[in-house]
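Asks: Handing over input.pdb, PDB, C-alpha atoms.
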```pdb
ATOM      1  CA  MET A   1      52.368  18.956 120.759
ATOM      2  CA  LEU A   2      53.613  15.470 121.572
ATOM      3  CA  SER A   3      51.093  12.653 121.161
ATOM      4  CA  TYR A   4      51.051   9.283 122.874
ATOM      5  CA  GLN A   5      49.021   6.088 123.046
ATOM      6  CA  LEU A   6      47.928   4.597 126.367
ATOM      7  CA  LEU A   7      47.901   0.797 126.430
ATOM      8  CA  ASN A   8      47.330  -2.031 128.883
ATOM      9  CA  VAL A   9      49.711  -4.967 128.423
ATOM     10  CA  PHE A  10      49.221  -8.548 129.705
ATOM     11  CA  VAL A  11      45.470  -7.997 129.903
ATOM     12  CA  THR A  12      42.745 -10.475 130.757
ATOM     13  CA  ASP A  13      39.139 -10.004 129.599
ATOM     14  CA  ASP A  14      38.809  -7.177 132.154
ATOM     15  CA  ILE A  15      39.542  -3.691 130.768
ATOM     16  CA  TRP A  16      41.111  -2.779 134.142
ATOM     17  CA  SER A  17      43.766  -5.484 133.912
ATOM     18  CA  GLY A  18      47.386  -5.683 132.819
ATOM     19  CA  ASN A  19      50.210  -3.184 133.126
ATOM     20  CA  PRO A  20      49.672   0.379 131.812
ATOM     21  CA  LEU A  21      52.095   1.822 129.265
ATOM     22  CA  ALA A  22      52.393   5.101 127.343
ATOM     23  CA  VAL A  23      54.065   4.970 123.923
ATOM     24  CA  PHE A  24      55.419   8.228 122.502
ATOM     25  CA  LYS A  25      56.384   8.578 118.827
ATOM     26  CA  PRO A  26      57.970  12.032 118.705
ATOM     27  CA  GLU A  27      58.666  13.604 115.330
ATOM     28  CA  GLN A  28      61.477  15.683 116.833
ATOM     29  CA  ASP A  29      64.512  14.618 118.841
ATOM     30  CA  LEU A  30      63.930  14.787 122.581
ATOM     31  CA  SER A  31      66.673  15.238 125.138
ATOM     32  CA  ASP A  32      67.298  12.561 127.740
ATOM     33  CA  GLU A  33      66.167  15.055 130.374
ATOM     34  CA  THR A  34      62.846  15.672 128.590
ATOM     35  CA  MET A  35      62.163  11.940 128.251
ATOM     36  CA  GLN A  36      62.947  11.417 131.918
ATOM     37  CA  ARG A  37      60.701  14.331 132.902
ATOM     38  CA  LEU A  38      57.858  12.900 130.829
ATOM     39  CA  ALA A  39      58.290   9.536 132.553
ATOM     40  CA  GLN A  40      58.115  11.276 135.905
ATOM     41  CA  GLN A  41      55.019  13.198 134.774
ATOM     42  CA  MET A  42      53.210  10.067 133.578
ATOM     43  CA  ASN A  43      54.190   8.164 136.752
ATOM     44  CA  LEU A  44      53.718   4.754 135.125
ATOM     45  CA  SER A  45      56.139   1.903 135.770
ATOM     46  CA  GLU A  46      57.589   2.560 132.279
ATOM     47  CA  ILE A  47      56.954   4.611 129.151
ATOM     48  CA  THR A  48      58.634   4.287 125.750
ATOM     49  CA  PHE A  49      59.895   6.610 123.027
ATOM     50  CA  VAL A  50      59.981   5.291 119.473
ATOM     51  CA  ARG A  51      62.099   6.630 116.641
ATOM     52  CA  PRO A  52      62.871   5.261 113.143
ATOM     53  CA  CYS A  53      65.909   2.999 113.147
ATOM     54  CA  PRO A  54      68.794   4.379 111.003
ATOM     55  CA  MET A  55      69.504   0.810 109.840
ATOM     56  CA  GLN A  56      66.066  -0.504 108.907
ATOM     57  CA  THR A  57      67.527  -3.820 107.770
ATOM     58  CA  VAL A  58      68.484  -4.440 111.426
ATOM     59  CA  ALA A  59      65.349  -3.209 113.238
ATOM     60  CA  ASP A  60      62.015  -1.552 112.515
ATOM     61  CA  ALA A  61      62.417   1.090 115.222
ATOM     62  CA  GLU A  62      64.656   2.316 117.999
ATOM     63  CA  VAL A  63      63.046   2.219 121.419
ATOM     64  CA  ARG A  64      64.064   3.791 124.700
ATOM     65  CA  ILE A  65      62.391   2.826 127.966
ATOM     66  CA  PHE A  66      62.108   5.118 130.971
ATOM     67  CA  THR A  67      60.762   4.593 134.479
ATOM     68  CA  PRO A  68      59.910   7.694 136.538
ATOM     69  CA  SER A  69      63.490   7.730 137.843
ATOM     70  CA  TYR A  70      65.826   6.039 135.323
ATOM     71  CA  GLU A  71      66.237   4.489 131.865
ATOM     72  CA  MET A  72      66.060   0.707 131.383
ATOM     73  CA  PRO A  73      67.875  -1.372 128.744
ATOM     74  CA  PHE A  74      64.945  -3.800 128.398
ATOM     75  CA  ALA A  75      61.530  -4.468 129.910
ATOM     76  CA  GLY A  76      58.825  -6.866 128.787
ATOM     77  CA  HIS A  77      55.549  -4.968 128.849
ATOM     78  CA  PRO A  78      57.068  -1.873 127.141
ATOM     79  CA  THR A  79      58.458  -4.145 124.427
ATOM     80  CA  LEU A  80      55.122  -5.798 123.668
ATOM     81  CA  GLY A  81      53.146  -2.567 123.976
ATOM     82  CA  THR A  82      55.498  -0.695 121.664
ATOM     83  CA  ALA A  83      55.353  -3.479 119.091
ATOM     84  CA  PHE A  84      51.545  -3.321 119.231
ATOM     85  CA  ALA A  85      51.636   0.453 118.684
ATOM     86  CA  ILE A  86      53.828   0.322 115.571
ATOM     87  CA  ALA A  87      53.039  -3.070 113.969
ATOM     88  CA  GLN A  88      50.702  -1.765 111.224
ATOM     89  CA  GLY A  89      49.808  -5.257 110.010
ATOM     90  CA  GLN A  90      53.312  -6.730 110.348
ATOM     91  CA  ASP A  91      53.541 -10.205 111.841
ATOM     92  CA  THR A  92      57.065  -9.566 113.193
ATOM     93  CA  VAL A  93      58.482  -6.332 114.619
ATOM     94  CA  ARG A  94      62.178  -5.945 115.498
ATOM     95  CA  LEU A  95      62.945  -3.361 118.166
ATOM     96  CA  ALA A  96      66.428  -1.927 118.749
ATOM     97  CA  MET A  97      66.895  -1.445 122.493
ATOM     98  CA  LYS A  98      69.914  -0.879 124.675
ATOM     99  CA  ALA A  99      69.787  -4.604 125.493
ATOM    100  CA  GLY A 100      70.005  -5.468 121.776
ATOM    101  CA  ILE A 101      67.563  -6.352 118.986
ATOM    102  CA  ILE A 102      64.345  -7.827 120.420
ATOM    103  CA  PRO A 103      62.019  -9.536 117.902
ATOM    104  CA  VAL A 104      58.277  -9.560 118.636
ATOM    105  CA  GLN A 105      55.758 -11.826 116.908
ATOM    106  CA  VAL A 106      52.374 -10.141 116.407
ATOM    107  CA  THR A 107      48.999 -11.855 116.018
ATOM    108  CA  PRO A 108      45.486 -10.489 116.692
ATOM    109  CA  GLU A 109      45.348 -12.504 119.928
ATOM    110  CA  LEU A 110      48.891 -12.417 121.289
ATOM    111  CA  LEU A 111      52.199 -10.566 121.080
ATOM    112  CA  THR A 112      55.304 -12.592 121.880
ATOM    113  CA  LEU A 113      58.878 -11.407 122.401
ATOM    114  CA  THR A 114      62.022 -13.506 122.222
ATOM    115  CA  ALA A 115      64.406 -12.715 125.066
ATOM    116  CA  ASN A 116      68.192 -12.749 125.113
ATOM    117  CA  THR A 117      70.176 -15.803 126.192
ATOM    118  CA  PRO A 118      70.299 -15.768 130.003
ATOM    119  CA  THR A 119      73.329 -15.133 132.176
ATOM    120  CA  TYR A 120      73.486 -15.887 135.888
ATOM    121  CA  ARG A 121      74.890 -14.739 139.205
ATOM    122  CA  ASP A 122      74.609 -16.297 142.648
ATOM    123  CA  ALA A 123      72.010 -14.948 145.078
ATOM    124  CA  PRO A 124      72.551 -14.056 148.745
ATOM    125  CA  SER A 125      71.755 -16.620 151.443
ATOM    126  CA  HIS A 126      68.237 -17.874 152.181
ATOM    127  CA  ALA A 127      68.453 -16.196 155.583
ATOM    128  CA  GLU A 128      69.237 -12.770 154.095
ATOM    129  CA  LEU A 129      66.501 -13.088 151.453
ATOM    130  CA  ALA A 130      63.947 -14.203 154.041
ATOM    131  CA  GLU A 131      64.739 -11.242 156.276
ATOM    132  CA  ALA A 132      64.450  -8.870 153.291
ATOM    133  CA  LEU A 133      61.011 -10.339 152.424
ATOM    134  CA  ASN A 134      59.777 -10.707 156.030
ATOM    135  CA  ILE A 135      59.221 -14.453 155.668
ATOM    136  CA  ASN A 136      60.936 -17.567 157.053
ATOM    137  CA  ALA A 137      63.974 -19.046 155.319
ATOM    138  CA  ALA A 138      62.137 -22.393 155.141
ATOM    139  CA  GLN A 139      59.581 -20.798 152.794
ATOM    140  CA  ILE A 140      62.289 -20.207 150.149
ATOM    141  CA  SER A 141      62.819 -23.109 147.760
ATOM    142  CA  PRO A 142      66.066 -24.002 145.973
ATOM    143  CA  THR A 143      67.677 -22.169 144.243
ATOM    144  CA  PRO A 144      67.344 -18.352 144.116
ATOM    145  CA  ARG A 145      69.654 -16.696 141.616
ATOM    146  CA  PHE A 146      70.152 -13.495 139.646
ATOM    147  CA  VAL A 147      69.138 -13.970 136.006
ATOM    148  CA  ASN A 148      69.665 -11.581 133.091
ATOM    149  CA  THR A 149      67.842 -11.971 129.761
ATOM    150  CA  GLY A 150      68.010  -8.221 129.123
ATOM    151  CA  THR A 151      67.645  -6.796 132.620
ATOM    152  CA  GLU A 152      69.220  -8.528 135.636
ATOM    153  CA  GLN A 153      66.760  -9.418 138.407
ATOM    154  CA  LEU A 154      66.689 -11.698 141.424
ATOM    155  CA  ILE A 155      64.422 -14.735 140.925
ATOM    156  CA  ILE A 156      63.247 -16.269 144.212
ATOM    157  CA  PRO A 157      61.155 -19.485 144.226
ATOM    158  CA  LEU A 158      58.883 -19.957 147.253
ATOM    159  CA  ASP A 159      57.096 -23.003 148.610
ATOM    160  CA  SER A 160      53.502 -21.825 148.031
ATOM    161  CA  ALA A 161      51.257 -19.090 146.696
ATOM    162  CA  GLU A 162      50.422 -18.297 150.335
ATOM    163  CA  SER A 163      54.106 -17.533 150.942
ATOM    164  CA  VAL A 164      54.120 -15.257 147.887
ATOM    165  CA  ALA A 165      51.151 -13.355 149.326
ATOM    166  CA  GLN A 166      52.857 -13.077 152.711
ATOM    167  CA  CYS A 167      55.931 -11.208 151.404
ATOM    168  CA  SER A 168      56.559  -7.612 152.396
ATOM    169  CA  LEU A 169      59.771  -5.653 152.082
ATOM    170  CA  ASN A 170      62.357  -4.790 154.664
ATOM    171  CA  LEU A 171      63.375  -2.045 152.268
ATOM    172  CA  ALA A 172      66.881  -1.218 153.471
ATOM    173  CA  LEU A 173      67.932  -4.871 153.433
ATOM    174  CA  PHE A 174      66.079  -5.555 150.174
ATOM    175  CA  GLU A 175      67.948  -2.730 148.449
ATOM    176  CA  ARG A 176      71.205  -4.390 149.461
ATOM    177  CA  VAL A 177      70.533  -8.075 148.792
ATOM    178  CA  ALA A 178      68.465  -7.596 145.591
ATOM    179  CA  ALA A 179      70.725  -5.019 143.929
ATOM    180  CA  ASN A 180      71.603  -5.961 140.357
ATOM    181  CA  HIS A 181      74.883  -5.188 138.584
ATOM    182  CA  GLU A 182      73.620  -1.614 138.005
ATOM    183  CA  GLY A 183      72.861  -1.167 141.710
ATOM    184  CA  ARG A 184      69.052  -1.284 141.260
ATOM    185  CA  ALA A 185      67.032  -3.640 143.423
ATOM    186  CA  GLY A 186      64.342  -5.844 141.882
ATOM    187  CA  ALA A 187      63.085  -9.353 142.633
ATOM    188  CA  LEU A 188      60.416 -11.780 141.431
ATOM    189  CA  VAL A 189      58.958 -14.035 144.116
ATOM    190  CA  TRP A 190      56.895 -16.902 142.750
ATOM    191  CA  ALA A 191      55.356 -20.308 143.428
ATOM    192  CA  TRP A 192      53.304 -22.916 141.603
ATOM    193  CA  GLN A 193      49.548 -23.052 142.109
ATOM    194  CA  ASP A 194      48.349 -26.050 140.127
ATOM    195  CA  ASP A 195      49.618 -25.354 136.572
ATOM    196  CA  THR A 196      49.982 -21.569 137.029
ATOM    197  CA  VAL A 197      52.853 -19.506 138.420
ATOM    198  CA  ILE A 198      51.621 -16.985 140.988
ATOM    199  CA  ALA A 199      54.137 -14.138 141.192
ATOM    200  CA  ARG A 200      54.892 -10.714 142.619
ATOM    201  CA  TYR A 201      57.625  -8.355 141.456
ATOM    202  CA  PHE A 202      59.106  -5.887 143.935
ATOM    203  CA  TRP A 203      61.526  -3.065 143.299
ATOM    204  CA  SER A 204      62.816   0.068 144.977
ATOM    205  CA  GLN A 205      62.073   3.491 143.523
ATOM    206  CA  HIS A 206      62.908   6.849 145.098
ATOM    207  CA  GLY A 207      63.584   5.090 148.400
ATOM    208  CA  GLN A 208      60.111   3.509 148.457
ATOM    209  CA  ALA A 209      58.973  -0.090 148.032
ATOM    210  CA  ALA A 210      57.003  -0.656 144.815
ATOM    211  CA  GLU A 211      55.154  -3.622 143.302
ATOM    212  CA  ASP A 212      54.562  -4.114 139.587
ATOM    213  CA  PHE A 213      51.317  -5.147 137.905
ATOM    214  CA  GLY A 214      52.892  -7.416 135.280
ATOM    215  CA  THR A 215      56.620  -7.855 134.619
ATOM    216  CA  GLY A 216      57.622  -9.361 131.284
ATOM    217  CA  SER A 217      61.358  -9.056 131.894
ATOM    218  CA  ALA A 218      61.000 -11.025 135.137
ATOM    219  CA  CYS A 219      58.886 -13.629 133.336
ATOM    220  CA  ALA A 220      61.716 -14.018 130.810
ATOM    221  CA  ASN A 221      64.191 -14.288 133.678
ATOM    222  CA  LEU A 222      61.990 -16.973 135.232
ATOM    223  CA  GLY A 223      62.470 -18.811 131.938
ATOM    224  CA  GLY A 224      66.211 -18.458 132.419
ATOM    225  CA  TRP A 225      65.870 -19.768 135.977
ATOM    226  CA  LEU A 226      63.969 -22.816 134.710
ATOM    227  CA  LEU A 227      66.689 -23.467 132.141
ATOM    228  CA  ALA A 228      69.305 -23.378 134.903
ATOM    229  CA  GLU A 229      67.191 -25.939 136.793
ATOM    230  CA  ASN A 230      67.235 -28.234 133.730
ATOM    231  CA  ALA A 231      63.467 -28.051 133.206
ATOM    232  CA  SER A 232      62.060 -30.487 130.664
ATOM    233  CA  LEU A 233      61.740 -28.833 127.243
ATOM    234  CA  PRO A 234      59.762 -27.637 125.400
ATOM    235  CA  LEU A 235      57.871 -25.911 128.207
ATOM    236  CA  GLN A 236      54.869 -23.611 128.316
ATOM    237  CA  LEU A 237      53.196 -22.027 131.335
ATOM    238  CA  LYS A 238      50.982 -19.169 132.473
ATOM    239  CA  MET A 239      52.100 -16.582 135.031
ATOM    240  CA  GLU A 240      49.751 -14.273 136.941
ATOM    241  CA  GLN A 241      50.598 -11.161 138.948
ATOM    242  CA  GLY A 242      48.611  -8.539 140.801
ATOM    243  CA  HIS A 243      46.505 -10.550 143.248
ATOM    244  CA  GLY A 244      47.708  -8.479 146.186
ATOM    245  CA  ILE A 245      47.296  -5.082 144.502
ATOM    246  CA  GLY A 246      43.877  -5.540 142.918
ATOM    247  CA  ARG A 247      44.829  -5.705 139.247
ATOM    248  CA  ILE A 248      45.595  -8.983 137.473
ATOM    249  CA  ALA A 249      48.137  -9.353 134.686
ATOM    250  CA  ARG A 250      48.374 -12.610 132.734
ATOM    251  CA  LEU A 251      51.621 -13.564 131.006
ATOM    252  CA  SER A 252      52.618 -16.601 128.949
ATOM    253  CA  LEU A 253      56.091 -18.139 129.082
ATOM    254  CA  SER A 254      57.447 -20.591 126.535
ATOM    255  CA  ILE A 255      60.875 -22.215 126.377
ATOM    256  CA  LYS A 256      61.532 -23.902 123.056
ATOM    257  CA  ALA A 257      63.490 -27.101 122.559
ATOM    258  CA  ASP A 258      66.404 -24.953 121.355
ATOM    259  CA  LYS A 259      66.230 -23.028 124.708
ATOM    260  CA  GLN A 260      64.753 -19.841 123.223
ATOM    261  CA  ILE A 261      62.759 -17.984 125.872
ATOM    262  CA  GLN A 262      59.532 -16.310 124.748
ATOM    263  CA  VAL A 263      57.132 -14.136 126.761
ATOM    264  CA  GLY A 264      53.692 -13.240 125.491
ATOM    265  CA  GLY A 265      50.533 -11.399 126.383
ATOM    266  CA  LYS A 266      47.503  -9.559 125.091
ATOM    267  CA  VAL A 267      47.578  -5.791 124.552
ATOM    268  CA  ARG A 268      44.656  -3.356 124.479
ATOM    269  CA  GLN A 269      44.674   0.347 123.601
ATOM    270  CA  ILE A 270      42.604   2.300 126.110
ATOM    271  CA  GLY A 271      43.302   5.903 125.192
ATOM    272  CA  ARG A 272      45.329   8.626 123.508
ATOM    273  CA  GLY A 273      46.646  11.982 124.619
ATOM    274  CA  GLU A 274      48.866  14.956 123.858
ATOM    275  CA  PHE A 275      51.521  16.840 125.794
ATOM    276  CA  ASP A 276      52.148  20.537 125.314
ATOM    277  CA  LEU A 277      55.896  20.873 125.926
ATOM    278  CA  GLY A 278      55.677  24.645 125.689
ATOM    279  CA  GLU A 279      58.149  24.781 122.825
TER     280      GLU A 279
END
```
Can you dump the structure from the file as C-alpha cells?
Replies:
Amino acid sequence: MLSYQLLNVFVTDDIWSGNPLAVFKPEQDLSDETMQRLAQQMNLSEITFVRPCPMQTVADAEVRIFTPSYEMPFAGHPTLGTAFAIAQGQDTVRLAMKAGIIPVQVTPELLTLTANTPTYRDAPSHAELAEALNINAAQISPTPRFVNTGTEQLIIPLDSAESVAQCSLNLALFERVAANHEGRAGALVWAWQDDTVIARYFWSQHGQAAEDFGTGSACANLGGWLLAENASLPLQLKMEQGHGIGRIARLSLSIKADKQIQVGGKVRQIGRGEFDLGE
C-alpha cells in the first residue's frame, strides 16, 4: 500500500480554498511510469513524491513533481505543501528538486519558499498575446516577458482586474505564443486592484485549456517581472487567484532588498489515503 496526504495550499479561512496537492512518501522506489500514472489517477494540477536525500547536508529530501501529463522541475504549491508534510518541527526545510535546492521557511502561520534568481526572454507582440487571450491589445500593459525562477512562464500585465476576468483562450494560438523553452504553454495574466494583485494562470494540458487555482511558481515569476521593471525594494504584496473558477487562493510575494524572491502561503491538511498498487 502507498499512503499519501491531501493538502490545500495557499488557503484562506475557508476550508474549500487554495490549491489541492497530494504528497506521497513511498518507502520503495517507484518507476517514472508509476509516478506519472498516479498523477494521472489523482488528476490534480500536481502531486509530489518525497524520498530521503542521499546528501542530507545539502537537502532534507528529494522531491519530484508530476502533473497528470508530465514532470515539472519546480512548482510553488507543491514545494510549500511538501515542506509542510515533512517539516516535523523544523523551521527550515531544504528540498532538492530538478530546478535546484529550494529552501522553505516554516512557521505555524505561513510557509515561505525562496525562488531561484530570475532569467528572462522576450514575449511575442501585444497583438499576438491579445488574440491568444481574446482581449484587445490596448488592455495589455508594458511589458510582457517570459520569466524563469525555476519554471519558465509568460507574465502578462493587464490594465485592470476586469480585463483579467475577461480573458479566455484561443487555444491553438496560445499554445504557440505562450510556449516556454520546453514547449509547454503557460501564462499568468494579472492586474492591480488597490493593493492586491488579481491574477489568473492558464496552461494547456492534453490539448485542453486549463486554469489553476493558485500558482506559486507564477507568483515567483511575477517577482522576477517586478525586478526587471526596477520596482522599489523591499517589496511585499498579496496575490489572489480563483475568482473566475469559484475557489480563492491567497499568495504572498516578497522581494528583499538583496533581490531575493520569496513566495508564501498557508497550508492545511484535509485528508489522507492509500493506494493499492497491486504489487
Asks: Give as JSON, numbers by chain the residues that the PyMOL selection byres ((chain A and resi 64) around 9) matches when applied to the coordinates above.
Replies: {"A": [47, 48, 49, 50, 51, 62, 63, 65, 66, 71, 72, 73, 74, 96, 97, 98]}
Asks: For each of A:Leu158, A:Leu171, A:Ile255, A:Leu2, take the minimum atom-to-atom distance to Pro234 (chain A), counting all atoms listed in the file, then give the residue where this is smallest.
Replies: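 Closest candidate: A:Ile255.
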Asks: What do you get, as a list in words, if you spell out every residue that the PyMOL selection byres ((chain A and resi 190-192) around 6) selects here?
Replies: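 Output from the PyMOL selection byres ((chain A and resi 190-192) around 6), applied to this file: Pro157, Leu158, Ser160, Ala161, Val189, Gln193, Thr196, Val197, Ile198 and Ala199 of chain A.
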Asks: Name the residues that the PyMOL selection byres ((chain A and resi 207) around 12) pulls out of this structure, and write them as a list in words.
Replies: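 The output of the PyMOL selection byres ((chain A and resi 207) around 12) on this file is Ser69, Leu169, Asn170, Leu171, Ala172, Leu173, Phe174, Glu175, Arg184, Ala185, Trp203, Ser204, Gln205, His206, Gln208, Ala209 and Ala210 of chain A.
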Asks: Could you work out how far CA of Pro142 (chain A) lies from CA of Tyr120 (chain A), giving the answer in Å with one decimal?
Replies: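 One can read the CA of Tyr120 (chain A) to CA of Pro142 (chain A) distance as 14.9 Å.
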Asks: Compare A:Val177, A:Met35, A:Ala22, A:Ala75 by their minimum atom-to-atom distance to Glu128 (chain A), counting all atoms listed in the file, and give me the closest one.
Replies: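 For Glu128 (chain A), the nearest of the candidates is A:Val177.
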Asks: Write out as an mmCIF file with C-alpha atoms, keeping the file's coordinate frame the residues lying within 7 Å of Val11 (chain A), counting all atoms listed in the file and excluding same-chain residues fewer than 6 positions away.
Replies:
```
data_model
loop_
_atom_site.group_PDB
_atom_site.id
_atom_site.type_symbol
_atom_site.label_atom_id
_atom_site.label_comp_id
_atom_site.auth_asym_id
_atom_site.auth_seq_id
_atom_site.Cartn_x
_atom_site.Cartn_y
_atom_site.Cartn_z
ATOM 1 C CA SER A 17 43.766 -5.484 133.912
ATOM 2 C CA GLY A 18 47.386 -5.683 132.819
ATOM 3 C CA ALA A 249 48.137 -9.353 134.686
ATOM 4 C CA ARG A 250 48.374 -12.610 132.734
ATOM 5 C CA LYS A 266 47.503 -9.559 125.091
ATOM 6 C CA VAL A 267 47.578 -5.791 124.552
#
```
Asks: Using all atoms listed in the file, which residue out of A:Gln153, A:Asn134, A:Gln260, A:Gln166 lies closest to Ala218 (chain A)?
Replies: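 Going through A:Gln153, A:Asn134, A:Gln260, A:Gln166 one by one, the smallest distance to Ala218 (chain A) is for A:Gln153.
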Asks: Between CA of Arg272 (chain A) and CA of Gln28 (chain A), what distance in Å does the model show, to one decimal?
Replies: 18.8 Å
Asks: Measuring atom to atom with only C-alpha atoms, identify which of A:Leu80, A:Met239, A:Ala127, A:Ile15 is nearest to Val106 (chain A).
Replies: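 Counting only C-alpha atoms, the residue closest to Val106 (chain A) is A:Leu80.
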Asks: Between CA of Val147 (chain A) and CA of Ala231 (chain A), what is the distance in Å, rounded to a tenth?
Replies: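 Those two atoms sit 15.4 Å apart.
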Asks: Kindly indicate which residue among A:Thr67, A:Asn19, A:Ser31, A:Asn221 lies nearest to Arg145 (chain A), using all atoms listed in the file for the distances.
Replies: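 Of all the options, A:Asn221 lies closest to Arg145 (chain A).
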Asks: So which residues touch Ala123 (chain A) within 9 Å, counting only C-alpha atoms, skipping near sequence neighbours fewer than 4 positions away, as a PyMOL selection string?
Replies: chain A and resi 129+143-146+154-156+177-178
Asks: Restricting it to C-alpha atoms, dump the selection as an mmCIF file, in the coordinates of the input.
Replies:
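As written to disk, again-v9.cif reads:
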```cif
data_model
loop_
_atom_site.group_PDB
_atom_site.id
_atom_site.type_symbol
_atom_site.label_atom_id
_atom_site.label_comp_id
_atom_site.auth_asym_id
_atom_site.auth_seq_id
_atom_site.Cartn_x
_atom_site.Cartn_y
_atom_site.Cartn_z
ATOM 1 C CA LEU A 129 66.501 -13.088 151.453
ATOM 2 C CA THR A 143 67.677 -22.169 144.243
ATOM 3 C CA PRO A 144 67.344 -18.352 144.116
ATOM 4 C CA ARG A 145 69.654 -16.696 141.616
ATOM 5 C CA PHE A 146 70.152 -13.495 139.646
ATOM 6 C CA LEU A 154 66.689 -11.698 141.424
ATOM 7 C CA ILE A 155 64.422 -14.735 140.925
ATOM 8 C CA ILE A 156 63.247 -16.269 144.212
ATOM 9 C CA VAL A 177 70.533 -8.075 148.792
ATOM 10 C CA ALA A 178 68.465 -7.596 145.591
#
```
Asks: So that I can see what lies close to Val58 (chain A), please list as a ChimeraX atom specification the residues with an atom at most 12 Å from it, counting only C-alpha atoms and leaving out residues fewer than 2 positions away in the same chain.
Replies: /A:52-56,60-62,93-97,100-103
Asks: For each of A:Ser141, A:Lys259, A:Gly216, A:Thr92, take the minimum atom-to-atom distance to Thr79 (chain A), counting only C-alpha atoms, then give the residue where this is smallest.
Replies: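 So, comparing all the options, the nearest one is A:Gly216.
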Asks: Determine, counting all atoms listed in the file, which protein, DNA and RNA residues have an atom within 12 Å of an atom of Phe84 (chain A); residues of the same chain fewer than 4 positions away are not included. Present the result as number ranges by chain.
Replies: A: 5-10, 21-23, 77-80, 88-95, 104-113, 264-269
Asks: Would you put the residues from that selection into a file with C-alpha atoms, as a PDB file, in the coordinates of the input?
Replies:
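See again-v8.pdb below for the written result:
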```
ATOM      1  CA  GLN A   5      49.021   6.088 123.046  1.00  0.00           C
ATOM      2  CA  LEU A   6      47.928   4.597 126.367  1.00  0.00           C
ATOM      3  CA  LEU A   7      47.901   0.797 126.430  1.00  0.00           C
ATOM      4  CA  ASN A   8      47.330  -2.031 128.883  1.00  0.00           C
ATOM      5  CA  VAL A   9      49.711  -4.967 128.423  1.00  0.00           C
ATOM      6  CA  PHE A  10      49.221  -8.548 129.705  1.00  0.00           C
ATOM      7  CA  LEU A  21      52.095   1.822 129.265  1.00  0.00           C
ATOM      8  CA  ALA A  22      52.393   5.101 127.343  1.00  0.00           C
ATOM      9  CA  VAL A  23      54.065   4.970 123.923  1.00  0.00           C
ATOM     10  CA  HIS A  77      55.549  -4.968 128.849  1.00  0.00           C
ATOM     11  CA  PRO A  78      57.068  -1.873 127.141  1.00  0.00           C
ATOM     12  CA  THR A  79      58.458  -4.145 124.427  1.00  0.00           C
ATOM     13  CA  LEU A  80      55.122  -5.798 123.668  1.00  0.00           C
ATOM     14  CA  GLN A  88      50.702  -1.765 111.224  1.00  0.00           C
ATOM     15  CA  GLY A  89      49.808  -5.257 110.010  1.00  0.00           C
ATOM     16  CA  GLN A  90      53.312  -6.730 110.348  1.00  0.00           C
ATOM     17  CA  ASP A  91      53.541 -10.205 111.841  1.00  0.00           C
ATOM     18  CA  THR A  92      57.065  -9.566 113.193  1.00  0.00           C
ATOM     19  CA  VAL A  93      58.482  -6.332 114.619  1.00  0.00           C
ATOM     20  CA  ARG A  94      62.178  -5.945 115.498  1.00  0.00           C
ATOM     21  CA  LEU A  95      62.945  -3.361 118.166  1.00  0.00           C
ATOM     22  CA  VAL A 104      58.277  -9.560 118.636  1.00  0.00           C
ATOM     23  CA  GLN A 105      55.758 -11.826 116.908  1.00  0.00           C
ATOM     24  CA  VAL A 106      52.374 -10.141 116.407  1.00  0.00           C
ATOM     25  CA  THR A 107      48.999 -11.855 116.018  1.00  0.00           C
ATOM     26  CA  PRO A 108      45.486 -10.489 116.692  1.00  0.00           C
ATOM     27  CA  GLU A 109      45.348 -12.504 119.928  1.00  0.00           C
ATOM     28  CA  LEU A 110      48.891 -12.417 121.289  1.00  0.00           C
ATOM     29  CA  LEU A 111      52.199 -10.566 121.080  1.00  0.00           C
ATOM     30  CA  THR A 112      55.304 -12.592 121.880  1.00  0.00           C
ATOM     31  CA  LEU A 113      58.878 -11.407 122.401  1.00  0.00           C
ATOM     32  CA  GLY A 264      53.692 -13.240 125.491  1.00  0.00           C
ATOM     33  CA  GLY A 265      50.533 -11.399 126.383  1.00  0.00           C
ATOM     34  CA  LYS A 266      47.503  -9.559 125.091  1.00  0.00           C
ATOM     35  CA  VAL A 267      47.578  -5.791 124.552  1.00  0.00           C
ATOM     36  CA  ARG A 268      44.656  -3.356 124.479  1.00  0.00           C
ATOM     37  CA  GLN A 269      44.674   0.347 123.601  1.00  0.00           C
TER      38      GLN A 269
END
```
Asks: Need the shell around region 273-275 of chain A: protein/DNA/RNA residues with any atom at most 6 Å away, counting all atoms listed in the file. Skip same-chain ones fewer than 5 positions apart. Format as a ChimeraX atom specification?
Replies: /A:1-4
Asks: Should you be able to, write region 113-120 of chain A of this structure into a file that contains N, CA and C atoms, as a PDB file, in the first residue's frame.
Replies:
```pdb
ATOM      1  N   LEU A 113       8.827  29.982   0.493  1.00  0.00           N
ATOM      2  CA  LEU A 113       9.947  29.461  -0.276  1.00  0.00           C
ATOM      3  C   LEU A 113      10.765  30.610  -0.840  1.00  0.00           C
ATOM      4  N   THR A 114      12.042  30.343  -1.067  1.00  0.00           N
ATOM      5  CA  THR A 114      12.916  31.293  -1.743  1.00  0.00           C
ATOM      6  C   THR A 114      13.203  30.763  -3.138  1.00  0.00           C
ATOM      7  N   ALA A 115      12.837  31.550  -4.140  1.00  0.00           N
ATOM      8  CA  ALA A 115      12.947  31.118  -5.533  1.00  0.00           C
ATOM      9  C   ALA A 115      14.353  31.355  -6.075  1.00  0.00           C
ATOM     10  N   ASN A 116      14.616  30.771  -7.229  1.00  0.00           N
ATOM     11  CA  ASN A 116      15.888  30.976  -7.912  1.00  0.00           C
ATOM     12  C   ASN A 116      15.970  32.391  -8.491  1.00  0.00           C
ATOM     13  N   THR A 117      17.180  32.821  -8.790  1.00  0.00           N
ATOM     14  CA  THR A 117      17.387  34.101  -9.466  1.00  0.00           C
ATOM     15  C   THR A 117      16.741  34.060 -10.847  1.00  0.00           C
ATOM     16  N   PRO A 118      15.962  35.080 -11.211  1.00  0.00           N
ATOM     17  CA  PRO A 118      15.220  35.009 -12.469  1.00  0.00           C
ATOM     18  C   PRO A 118      16.095  35.188 -13.708  1.00  0.00           C
ATOM     19  N   THR A 119      15.669  34.534 -14.779  1.00  0.00           N
ATOM     20  CA  THR A 119      16.184  34.786 -16.120  1.00  0.00           C
ATOM     21  C   THR A 119      15.005  35.195 -16.987  1.00  0.00           C
ATOM     22  N   TYR A 120      15.302  35.794 -18.142  1.00  0.00           N
ATOM     23  CA  TYR A 120      14.253  36.429 -18.938  1.00  0.00           C
ATOM     24  C   TYR A 120      14.372  36.078 -20.411  1.00  0.00           C
TER      25      TYR A 120
END
```
